[in-house]
file input33.txt (compact mmCIF, C-alpha atoms)
# COMPACT_ATOMS: atom_id res chain seq x y z
CA MET T 1 23.82 -138.24 -31.39
CA ALA T 2 24.61 -134.86 -32.96
CA PHE T 3 28.27 -134.70 -33.94
CA THR T 4 30.03 -131.54 -35.04
CA GLU T 5 32.87 -131.15 -37.51
CA LYS T 6 35.27 -130.94 -34.56
CA ASP T 7 34.24 -134.31 -33.09
CA VAL T 8 36.67 -137.12 -33.85
CA VAL T 9 37.35 -140.65 -32.64
CA THR T 10 39.70 -140.62 -29.67
CA MET T 11 41.48 -143.41 -27.83
CA ALA T 12 38.84 -142.99 -25.12
CA HIS T 13 36.24 -144.36 -27.55
CA GLY T 14 38.02 -147.72 -27.37
CA SER T 15 38.81 -147.71 -23.66
CA GLY T 16 35.71 -149.48 -22.43
CA GLY T 17 34.81 -146.46 -20.36
CA GLN T 18 32.20 -143.75 -20.57
CA ALA T 19 33.13 -142.45 -24.04
CA MET T 20 32.95 -145.93 -25.52
CA GLN T 21 29.64 -146.72 -23.88
CA LEU T 22 28.15 -143.45 -25.13
CA LEU T 23 29.36 -144.17 -28.67
CA ILE T 24 27.87 -147.66 -28.60
CA GLU T 25 24.58 -146.66 -27.04
CA GLN T 26 23.98 -143.43 -28.92
CA LEU T 27 25.27 -144.49 -32.34
CA PHE T 28 25.53 -148.25 -32.95
CA LEU T 29 22.62 -149.46 -30.80
CA GLN T 30 20.28 -146.79 -32.12
CA ALA T 31 21.21 -147.36 -35.78
CA PHE T 32 21.13 -151.17 -35.67
CA ALA T 33 18.31 -151.61 -33.12
CA ASN T 34 16.65 -155.06 -33.15
CA PRO T 35 15.52 -157.52 -30.44
CA ALA T 36 18.70 -159.61 -30.38
CA LEU T 37 21.02 -156.58 -30.25
CA ASN T 38 18.86 -154.76 -27.73
CA GLU T 39 19.49 -157.51 -25.17
CA ARG T 40 23.05 -156.07 -24.94
CA GLU T 41 24.70 -159.40 -24.26
CA ASP T 42 28.17 -160.46 -25.41
CA GLN T 43 26.56 -162.64 -28.05
CA ALA T 44 23.42 -162.73 -30.18
CA ARG T 45 20.91 -165.36 -29.09
CA ILE T 46 19.02 -166.56 -32.14
CA PRO T 47 16.16 -169.09 -31.95
CA LEU T 48 17.04 -172.07 -34.13
CA SER T 49 13.39 -172.35 -35.13
CA LEU T 50 13.73 -169.14 -37.16
CA LEU T 51 16.48 -170.72 -39.24
CA THR T 52 15.08 -174.24 -39.57
CA SER T 53 11.79 -172.82 -40.80
CA VAL T 54 13.67 -171.50 -43.84
CA GLY T 55 16.05 -174.32 -44.68
CA ASP T 56 18.05 -177.33 -43.61
CA ARG T 57 21.62 -175.95 -43.89
CA LEU T 58 23.40 -172.84 -42.66
CA ALA T 59 25.41 -170.60 -44.96
CA PHE T 60 28.07 -168.72 -42.98
CA SER T 61 30.54 -166.22 -44.45
CA THR T 62 32.85 -163.43 -43.31
CA ASP T 63 34.83 -160.69 -45.03
CA SER T 64 36.83 -157.59 -44.09
CA TYR T 65 36.58 -154.22 -45.82
CA VAL T 66 39.51 -151.83 -46.07
CA ILE T 67 38.59 -149.82 -49.17
CA ASP T 68 40.30 -146.52 -49.93
CA PRO T 69 38.63 -144.02 -50.31
CA ILE T 70 35.94 -144.87 -47.78
CA PHE T 71 33.33 -142.79 -49.66
CA PHE T 72 32.81 -143.23 -53.40
CA PRO T 73 30.07 -142.72 -56.01
CA GLY T 74 27.42 -145.34 -55.33
CA GLY T 75 28.30 -146.11 -51.72
CA ASN T 76 30.77 -146.11 -48.85
CA ILE T 77 32.67 -148.68 -46.81
CA GLY T 78 29.63 -149.33 -44.61
CA LYS T 79 27.27 -150.14 -47.47
CA LEU T 80 30.01 -152.24 -49.04
CA ALA T 81 30.52 -154.22 -45.82
CA VAL T 82 26.83 -155.17 -45.69
CA CYS T 83 26.40 -155.85 -49.41
CA GLY T 84 29.56 -157.93 -49.69
CA THR T 85 28.78 -160.37 -46.91
CA VAL T 86 25.04 -160.59 -47.63
CA ASN T 87 25.89 -161.44 -51.24
CA ASP T 88 28.45 -164.07 -50.22
CA VAL T 89 25.76 -165.79 -48.18
CA ALA T 90 23.02 -165.36 -50.80
CA VAL T 91 24.91 -166.92 -53.72
CA SER T 92 24.73 -170.27 -51.93
CA GLY T 93 20.95 -170.08 -52.35
CA ALA T 94 20.55 -169.11 -48.69
CA VAL T 95 18.20 -166.47 -47.34
CA PRO T 96 20.57 -164.09 -45.49
CA GLN T 97 19.26 -163.24 -42.02
CA TYR T 98 21.87 -162.04 -39.52
CA LEU T 99 25.12 -160.09 -39.59
CA SER T 100 27.84 -159.26 -37.10
CA CYS T 101 30.10 -156.27 -37.57
CA GLY T 102 33.47 -155.32 -36.15
CA PHE T 103 34.97 -151.84 -36.45
CA ILE T 104 38.62 -150.88 -36.24
CA LEU T 105 38.67 -147.09 -35.96
CA GLU T 106 41.71 -144.88 -36.37
CA GLU T 107 42.16 -142.15 -33.80
CA GLY T 108 41.13 -138.87 -35.43
CA LEU T 109 38.39 -140.25 -37.69
CA PRO T 110 35.64 -137.59 -37.88
CA LEU T 111 32.61 -138.86 -35.99
CA GLN T 112 30.31 -137.35 -38.60
CA GLN T 113 31.88 -139.72 -41.15
CA LEU T 114 31.47 -142.69 -38.83
CA GLU T 115 27.83 -141.75 -38.27
CA GLN T 116 27.26 -141.59 -42.03
CA ILE T 117 28.88 -145.01 -42.49
CA VAL T 118 26.86 -146.60 -39.68
CA LYS T 119 23.60 -145.12 -41.00
CA SER T 120 24.38 -146.49 -44.44
CA MET T 121 24.97 -149.94 -42.95
CA ALA T 122 21.67 -149.80 -41.09
CA ASP T 123 19.75 -148.65 -44.17
CA THR T 124 21.33 -151.30 -46.40
CA ALA T 125 20.73 -154.09 -43.88
CA ALA T 126 17.10 -153.05 -43.43
CA ALA T 127 16.55 -152.98 -47.19
CA ALA T 128 18.10 -156.45 -47.43
CA GLY T 129 15.90 -157.84 -44.66
CA VAL T 130 18.84 -158.74 -42.41
CA GLU T 131 19.60 -157.73 -38.83
CA ILE T 132 22.98 -156.67 -37.42
CA VAL T 133 22.77 -158.57 -34.15
CA THR T 134 26.23 -158.32 -32.59
CA GLY T 135 29.44 -156.35 -33.03
CA ASP T 136 32.69 -155.01 -31.68
CA THR T 137 34.58 -151.71 -31.71
CA LYS T 138 38.31 -151.14 -31.38
CA VAL T 139 40.25 -147.87 -31.61
CA VAL T 140 43.89 -147.79 -32.68
CA GLN T 141 46.38 -144.94 -32.53
CA ARG T 142 46.70 -142.50 -35.40
CA GLY T 143 48.70 -144.15 -38.19
CA ALA T 144 48.07 -147.73 -37.00
CA ALA T 145 45.12 -148.05 -39.42
CA ASP T 146 43.61 -145.96 -42.21
CA LYS T 147 40.42 -144.23 -41.01
CA VAL T 148 38.15 -147.26 -40.60
CA PHE T 149 38.23 -150.99 -41.33
CA ILE T 150 35.08 -153.11 -41.00
CA ASN T 151 34.60 -156.86 -40.70
CA THR T 152 31.19 -158.38 -41.23
CA ALA T 153 30.08 -162.00 -40.86
CA GLY T 154 26.72 -163.28 -41.98
CA ILE T 155 24.51 -166.34 -41.69
CA GLY T 156 21.47 -167.50 -43.57
CA ALA T 157 19.52 -170.69 -44.12
CA ILE T 158 19.55 -172.66 -47.38
CA PRO T 159 16.17 -174.10 -48.46
CA SER T 160 16.28 -177.89 -48.65
CA THR T 161 15.43 -177.87 -52.37
CA ILE T 162 18.48 -175.80 -53.34
CA LYS T 163 21.60 -177.73 -54.38
CA TRP T 164 23.72 -175.08 -56.06
CA GLY T 165 27.47 -175.53 -56.34
CA ALA T 166 30.30 -175.43 -58.85
CA GLN T 167 30.69 -179.21 -58.67
CA HIS T 168 27.35 -179.50 -60.51
CA ILE T 169 28.58 -177.64 -63.61
CA ARG T 170 28.53 -179.72 -66.84
CA SER T 171 29.94 -179.31 -70.34
CA GLY T 172 27.40 -177.52 -72.53
CA ASP T 173 26.06 -175.33 -69.70
CA ARG T 174 25.62 -171.62 -70.32
CA ILE T 175 27.52 -168.83 -68.53
CA LEU T 176 25.58 -165.66 -67.68
CA VAL T 177 26.37 -162.36 -65.97
CA SER T 178 23.72 -160.20 -64.35
CA GLY T 179 24.93 -156.88 -65.76
CA THR T 180 27.74 -154.60 -66.83
CA LEU T 181 31.21 -155.57 -65.70
CA GLY T 182 33.89 -153.67 -63.82
CA ASP T 183 31.84 -150.70 -62.59
CA HIS T 184 33.11 -150.82 -59.00
CA GLY T 185 36.78 -151.36 -59.83
CA ALA T 186 36.77 -148.66 -62.50
CA THR T 187 35.04 -146.19 -60.15
CA ILE T 188 37.67 -146.66 -57.43
CA LEU T 189 40.48 -146.57 -59.98
CA ASN T 190 39.11 -143.32 -61.39
CA LEU T 191 39.10 -141.71 -57.94
CA ARG T 192 42.56 -142.91 -56.98
CA GLU T 193 44.17 -141.98 -60.30
CA ASN T 194 42.21 -138.73 -60.88
CA LEU T 195 41.13 -139.78 -64.36
CA GLY T 196 38.38 -137.15 -64.45
CA LEU T 197 35.38 -139.43 -65.15
CA GLU T 198 33.43 -138.68 -61.93
CA ALA T 199 30.18 -137.97 -63.78
CA GLU T 200 30.28 -141.21 -65.74
CA LEU T 201 31.33 -143.87 -63.24
CA THR T 202 29.34 -145.22 -60.28
CA SER T 203 30.00 -148.32 -58.21
CA ASP T 204 27.50 -151.16 -58.67
CA CYS T 205 27.57 -151.87 -54.91
CA ALA T 206 24.20 -153.54 -54.16
CA VAL T 207 22.51 -156.31 -52.22
CA LEU T 208 21.70 -159.09 -54.70
CA THR T 209 19.12 -161.06 -52.73
CA PRO T 210 16.13 -159.78 -54.76
CA LEU T 211 17.92 -160.79 -57.95
CA ILE T 212 18.74 -164.25 -56.63
CA ALA T 213 15.35 -165.07 -55.04
CA PRO T 214 13.45 -165.92 -58.28
CA LEU T 215 16.33 -168.15 -59.45
CA ARG T 216 15.47 -170.65 -56.69
CA ASP T 217 12.35 -171.62 -58.68
CA ILE T 218 14.25 -172.33 -61.91
CA HIS T 219 15.29 -175.93 -62.48
CA GLY T 220 18.76 -176.17 -64.00
CA VAL T 221 20.57 -173.39 -62.12
CA ARG T 222 23.98 -174.92 -61.36
CA ALA T 223 26.13 -172.34 -59.54
CA LEU T 224 26.29 -168.65 -58.61
CA ARG T 225 29.08 -166.35 -57.46
CA ASP T 226 29.31 -162.60 -57.00
CA ALA T 227 32.26 -161.33 -59.00
CA THR T 228 34.26 -159.19 -56.56
CA ARG T 229 38.07 -159.15 -56.33
CA GLY T 230 39.56 -160.78 -59.41
CA GLY T 231 36.38 -160.03 -61.34
CA VAL T 232 34.70 -162.52 -63.66
CA THR T 233 38.03 -164.09 -64.60
CA ALA T 234 38.64 -165.30 -61.03
CA ILE T 235 35.15 -166.80 -60.85
CA LEU T 236 35.59 -168.64 -64.14
CA HIS T 237 38.82 -170.20 -62.90
CA GLU T 238 37.13 -171.23 -59.64
CA PHE T 239 34.30 -172.84 -61.59
CA ALA T 240 36.76 -174.63 -63.89
CA ALA T 241 38.83 -175.96 -60.98
CA ALA T 242 35.78 -177.23 -59.08
CA SER T 243 34.04 -178.84 -62.06
CA GLY T 244 36.98 -180.04 -64.18
CA CYS T 245 35.38 -178.30 -67.17
CA GLY T 246 36.55 -175.43 -69.37
CA MET T 247 34.99 -171.98 -69.76
CA SER T 248 34.72 -170.28 -73.14
CA ILE T 249 33.73 -166.59 -73.14
CA ASN T 250 32.71 -164.50 -76.15
CA GLU T 251 34.27 -161.03 -76.01
CA GLY T 252 31.53 -159.51 -78.14
CA ASP T 253 28.84 -160.59 -75.64
CA LEU T 254 30.39 -158.91 -72.60
CA PRO T 255 28.22 -156.07 -71.25
CA VAL T 256 30.54 -153.18 -70.35
CA ASN T 257 29.64 -149.53 -69.74
CA PRO T 258 31.34 -147.15 -72.21
CA ALA T 259 33.11 -145.28 -69.40
CA VAL T 260 34.51 -148.53 -67.97
CA ARG T 261 35.61 -149.60 -71.43
CA GLY T 262 37.31 -146.23 -71.82
CA VAL T 263 39.24 -146.68 -68.57
CA CYS T 264 40.31 -150.16 -69.66
CA GLU T 265 41.50 -148.99 -73.08
CA LEU T 266 43.26 -145.98 -71.53
CA LEU T 267 45.20 -148.10 -69.04
CA GLY T 268 45.45 -151.36 -70.98
CA LEU T 269 43.29 -153.29 -68.51
CA GLU T 270 40.77 -156.09 -68.96
CA PRO T 271 37.17 -155.45 -67.76
CA LEU T 272 36.80 -159.16 -66.97
CA ASN T 273 39.46 -158.68 -64.26
CA PHE T 274 37.89 -155.60 -62.66
CA ALA T 275 36.06 -155.93 -59.36
CA ASN T 276 32.29 -155.73 -59.13
CA GLU T 277 30.19 -155.38 -55.97
CA GLY T 278 26.75 -156.03 -57.41
CA LYS T 279 27.08 -158.56 -60.21
CA LEU T 280 26.49 -162.28 -60.46
CA VAL T 281 28.17 -164.93 -62.58
CA ILE T 282 25.72 -167.78 -63.10
CA VAL T 283 26.05 -171.18 -64.77
CA VAL T 284 22.83 -172.85 -65.89
CA ALA T 285 21.80 -175.89 -67.91
CA PRO T 286 20.98 -175.05 -71.55
CA GLU T 287 17.24 -175.52 -70.97
CA ALA T 288 17.33 -172.97 -68.11
CA GLU T 289 19.08 -170.22 -70.09
CA GLN T 290 16.06 -168.23 -71.23
CA ALA T 291 14.12 -168.52 -67.97
CA THR T 292 17.17 -167.34 -66.01
CA LEU T 293 17.82 -164.47 -68.38
CA ALA T 294 14.18 -163.37 -68.17
CA ALA T 295 14.16 -163.55 -64.36
CA LEU T 296 17.32 -161.44 -64.14
CA ARG T 297 16.13 -158.83 -66.61
CA ALA T 298 12.82 -158.45 -64.76
CA HIS T 299 14.71 -156.71 -61.91
CA PRO T 300 16.47 -153.33 -62.31
CA LEU T 301 19.72 -154.84 -61.00
CA GLY T 302 19.64 -157.39 -63.82
CA LYS T 303 18.40 -155.33 -66.76
CA ASP T 304 21.73 -155.72 -68.59
CA ALA T 305 22.02 -159.47 -67.96
CA ALA T 306 23.63 -161.39 -70.79
CA VAL T 307 24.81 -164.83 -71.83
CA ILE T 308 28.57 -164.51 -72.22
CA GLY T 309 29.77 -168.02 -72.91
CA THR T 310 29.60 -171.78 -72.65
CA VAL T 311 31.06 -174.50 -70.46
CA THR T 312 33.30 -176.82 -72.47
CA ASP T 313 34.91 -180.20 -71.91
CA THR T 314 38.41 -178.77 -72.46
CA ALA T 315 39.81 -177.75 -69.06
CA ARG T 316 40.88 -174.20 -69.81
CA VAL T 317 39.45 -170.69 -69.57
CA GLN T 318 39.51 -168.88 -72.89
CA LEU T 319 38.23 -165.67 -74.45
CA LYS T 320 37.02 -165.68 -78.05
CA GLY T 321 37.69 -162.31 -79.68
CA ILE T 322 35.21 -160.52 -81.88
CA PHE T 323 37.18 -161.61 -84.95
CA GLY T 324 37.16 -165.28 -83.98
CA ALA T 325 40.65 -165.67 -82.50
CA SER T 326 40.88 -167.25 -79.06
CA ARG T 327 43.32 -166.71 -76.22
CA LEU T 328 43.71 -168.12 -72.77
CA LEU T 329 42.23 -165.97 -70.04
CA ASP T 330 44.82 -166.19 -67.28
CA LEU T 331 44.27 -165.16 -63.71
CA PRO T 332 45.61 -161.64 -63.16
CA HIS T 333 48.78 -161.47 -61.08
CA SER T 334 47.25 -158.65 -59.01
CA GLU T 335 44.40 -156.17 -58.92
CA PRO T 336 44.94 -152.93 -60.88
CA LEU T 337 44.78 -151.30 -57.43
CA PRO T 338 44.80 -152.78 -53.93
CA ARG T 339 42.16 -151.94 -51.31
CA ILE T 340 39.20 -151.80 -53.66
CA CYS T 341 36.89 -153.54 -51.16
call {"tool": "encode", "arguments": {"input": "input33.txt", "output": "structure tokens"}}
result
Amino acid sequence: MAFTEKDVVTMAHGSGGQAMQLLIEQLFLQAFANPALNEREDQARIPLSLLTSVGDRLAFSTDSYVIDPIFFPGGNIGKLAVCGTVNDVAVSGAVPQYLSCGFILEEGLPLQQLEQIVKSMADTAAAAGVEIVTGDTKVVQRGAADKVFINTAGIGAIPSTIKWGAQHIRSGDRILVSGTLGDHGATILNLRENLGLEAELTSDCAVLTPLIAPLRDIHGVRALRDATRGGVTAILHEFAAASGCGMSINEGDLPVNPAVRGVCELLGLEPLNFANEGKLVIVVAPEAEQATLAALRAHPLGKDAAVIGTVTDTARVQLKGIFGASRLLDLPHSEPLPRIC
């Protein structure tokens, strides 16, 4: 479908009539084409044999994406909607396989922008090896939403040998991150606050399945999470609550890009609290530390992987400063900015 700059979403695109059918057939169905979607039923019909051949449990997750702005260095809301849900499924150890997507479109959204978002979703899903097999589109009046909101839900199968979970974390385990922290949150903050660092900041928005896949062969991997809203700090508190253990982080070991560090120092923010969209927090047994670190660093997405701390038997989350002093790492009361994902 060739859209011009004058083409925008109208209420007719959500009416169920001809305009809506043309939008679905000439944009969504063409971009996301696959056997299940091409049947054009009200649901995706997925053979169970395809899932049971991979694992013995389903991983099922959903998330909604309302980021502002919808285009940013390193991605857009469409790429984010695929990456976010695929990663939420993958950190369970599952092999992500299918996604649904629901669009809420504001009247007046340029159709060229929607086309760009949909193409990005299709490209990201294809690169991740997942299919978008069902979806929904709604149009709301101008002012009732902000350009476009997207919901995605995903399912995958967990191999029977994988038993990852925060309840398996033990005192003495090591805490790793897969790369530099806070890139996504700092990028969005830079755009919204006009800090002038456009050339230095790029979102880390990425599908993490290729980074996670080799970890399934490492004995001693305890738990994984992708550090999105709330950043690494939120994940550490979730791990502590689920395991009954404490988390001790070394400030000097945190990988942080200079531009992100600059934003944090400028605004008095903590990079551990900034959102990421392509970073893992991993807890492993001590004997698995080096193998995990090597596996992460073997992939471009994990080249800056680092060990940042240790699990303790004291039920608190603390940060050890570079001069040896420690302080509690409390959960932030709020994000530096809302609508970052």
call {"tool": "residues_around", "arguments": {"input": "input33.txt", "residues": "segment 199-212 of chain T", "least_positions_apart": "6", "cutoff": "9 Å", "atoms": "only C-alpha atoms", "output": "compact mmCIF listing (two decimals) with C-alpha atoms, in the frame of the given file"}}
result
# COMPACT_ATOMS: atom_id res chain seq x y z
CA PHE T 72 32.81 -143.23 -53.40
CA PRO T 73 30.07 -142.72 -56.01
CA GLY T 74 27.42 -145.34 -55.33
CA GLY T 75 28.30 -146.11 -51.72
CA ASN T 76 30.77 -146.11 -48.85
CA LYS T 79 27.27 -150.14 -47.47
CA LEU T 80 30.01 -152.24 -49.04
CA VAL T 82 26.83 -155.17 -45.69
CA CYS T 83 26.40 -155.85 -49.41
CA GLY T 84 29.56 -157.93 -49.69
CA VAL T 86 25.04 -160.59 -47.63
CA ASN T 87 25.89 -161.44 -51.24
CA ALA T 90 23.02 -165.36 -50.80
CA VAL T 91 24.91 -166.92 -53.72
CA GLY T 93 20.95 -170.08 -52.35
CA VAL T 95 18.20 -166.47 -47.34
CA PRO T 96 20.57 -164.09 -45.49
CA THR T 124 21.33 -151.30 -46.40
CA ALA T 125 20.73 -154.09 -43.88
CA ALA T 127 16.55 -152.98 -47.19
CA ALA T 128 18.10 -156.45 -47.43
CA SER T 178 23.72 -160.20 -64.35
CA THR T 180 27.74 -154.60 -66.83
CA GLY T 182 33.89 -153.67 -63.82
CA ASP T 183 31.84 -150.70 -62.59
CA HIS T 184 33.11 -150.82 -59.00
CA GLY T 185 36.78 -151.36 -59.83
CA ALA T 186 36.77 -148.66 -62.50
CA THR T 187 35.04 -146.19 -60.15
CA ILE T 188 37.67 -146.66 -57.43
CA ASN T 190 39.11 -143.32 -61.39
CA LEU T 224 26.29 -168.65 -58.61
CA ASP T 226 29.31 -162.60 -57.00
CA ASN T 257 29.64 -149.53 -69.74
CA PRO T 258 31.34 -147.15 -72.21
CA ALA T 259 33.11 -145.28 -69.40
CA VAL T 260 34.51 -148.53 -67.97
CA ASN T 276 32.29 -155.73 -59.13
CA GLU T 277 30.19 -155.38 -55.97
CA GLY T 278 26.75 -156.03 -57.41
CA LYS T 279 27.08 -158.56 -60.21
CA LEU T 280 26.49 -162.28 -60.46
CA ALA T 295 14.16 -163.55 -64.36
CA LEU T 296 17.32 -161.44 -64.14
CA ALA T 298 12.82 -158.45 -64.76
CA HIS T 299 14.71 -156.71 -61.91
CA PRO T 300 16.47 -153.33 -62.31
CA LEU T 301 19.72 -154.84 -61.00
CA GLY T 302 19.64 -157.39 -63.82
call {"tool": "closest_residue", "arguments": {"input": "input33.txt", "among": "T:Leu23, T:Ala157, T:Leu266, T:Cys341", "to": "Leu51 of chain T", "atoms": "all atoms listed in the file"}}
result
T:Ala157
call {"tool": "atom_distance", "arguments": {"input": "input33.txt", "atom1": "atom CA of Ile282 of chain T", "atom2": "atom CA of Lys303 of chain T"}}
result
14.9 Å
call {"tool": "closest_residue", "arguments": {"input": "input33.txt", "among": "T:Glu193, T:Thr310, T:Gln113, T:Phe60", "to": "Cys245 of chain T", "atoms": "all atoms listed in the file"}}
result
T:Thr310
call {"tool": "residues_around", "arguments": {"input": "input33.txt", "residues": "Ala285 of chain T", "least_positions_apart": "5", "cutoff": "9 Å", "atoms": "all atoms listed in the file", "output": "PyMOL selection string"}}
result
chain T and resi 169-170+172-174+219-222
call {"tool": "closest_residue", "arguments": {"input": "input33.txt", "among": "T:Thr161, T:Asn38, T:Gln26, T:Asn250", "to": "Ile308 of chain T", "atoms": "all atoms listed in the file"}}
result
T:Asn250
call {"tool": "axis_aligned_box", "arguments": {"input": "input33.txt", "around": "segment 235-250 of chain T", "padding_each_side": "5 Å", "output": "JSON"}}
result
{"center_x": 35.8, "center_y": -172.3, "center_z": -67.6, "size_x": 16.1, "size_y": 25.5, "size_z": 27.1}
call {"tool": "atom_distance", "arguments": {"input": "input33.txt", "atom1": "atom CA of Val133 of chain T", "atom2": "atom CA of Gln43 of chain T"}}
result
8.3 Å
call {"tool": "closest_residue", "arguments": {"input": "input33.txt", "among": "T:Arg229, T:Leu191, T:Val118, T:Ala19", "to": "Asp63 of chain T", "atoms": "all atoms listed in the file"}}
result
T:Arg229
call {"tool": "atom_distance", "arguments": {"input": "input33.txt", "atom1": "atom CA of Glu115 of chain T", "atom2": "atom CA of Ser15 of chain T"}}
result
19.2 Å
call {"tool": "closest_residue", "arguments": {"input": "input33.txt", "among": "T:Leu337, T:Val139, T:Met247, T:Val284", "to": "Thr314 of chain T", "atoms": "all atoms listed in the file"}}
result
T:Met247
call {"tool": "closest_residue", "arguments": {"input": "input33.txt", "among": "T:Ala315, T:Leu109, T:Ile132, T:Ala144", "to": "His13 of chain T", "atoms": "only C-alpha atoms"}}
result
T:Leu109
call {"tool": "residues_around", "arguments": {"input": "input33.txt", "residues": "Ile117 of chain T", "least_positions_apart": "3", "cutoff": "12 Å", "atoms": "all atoms listed in the file", "output": "ChimeraX atom specification"}}
result
/T:27-28,31,70-72,75-82,103,105,109-114,120-124,147-150
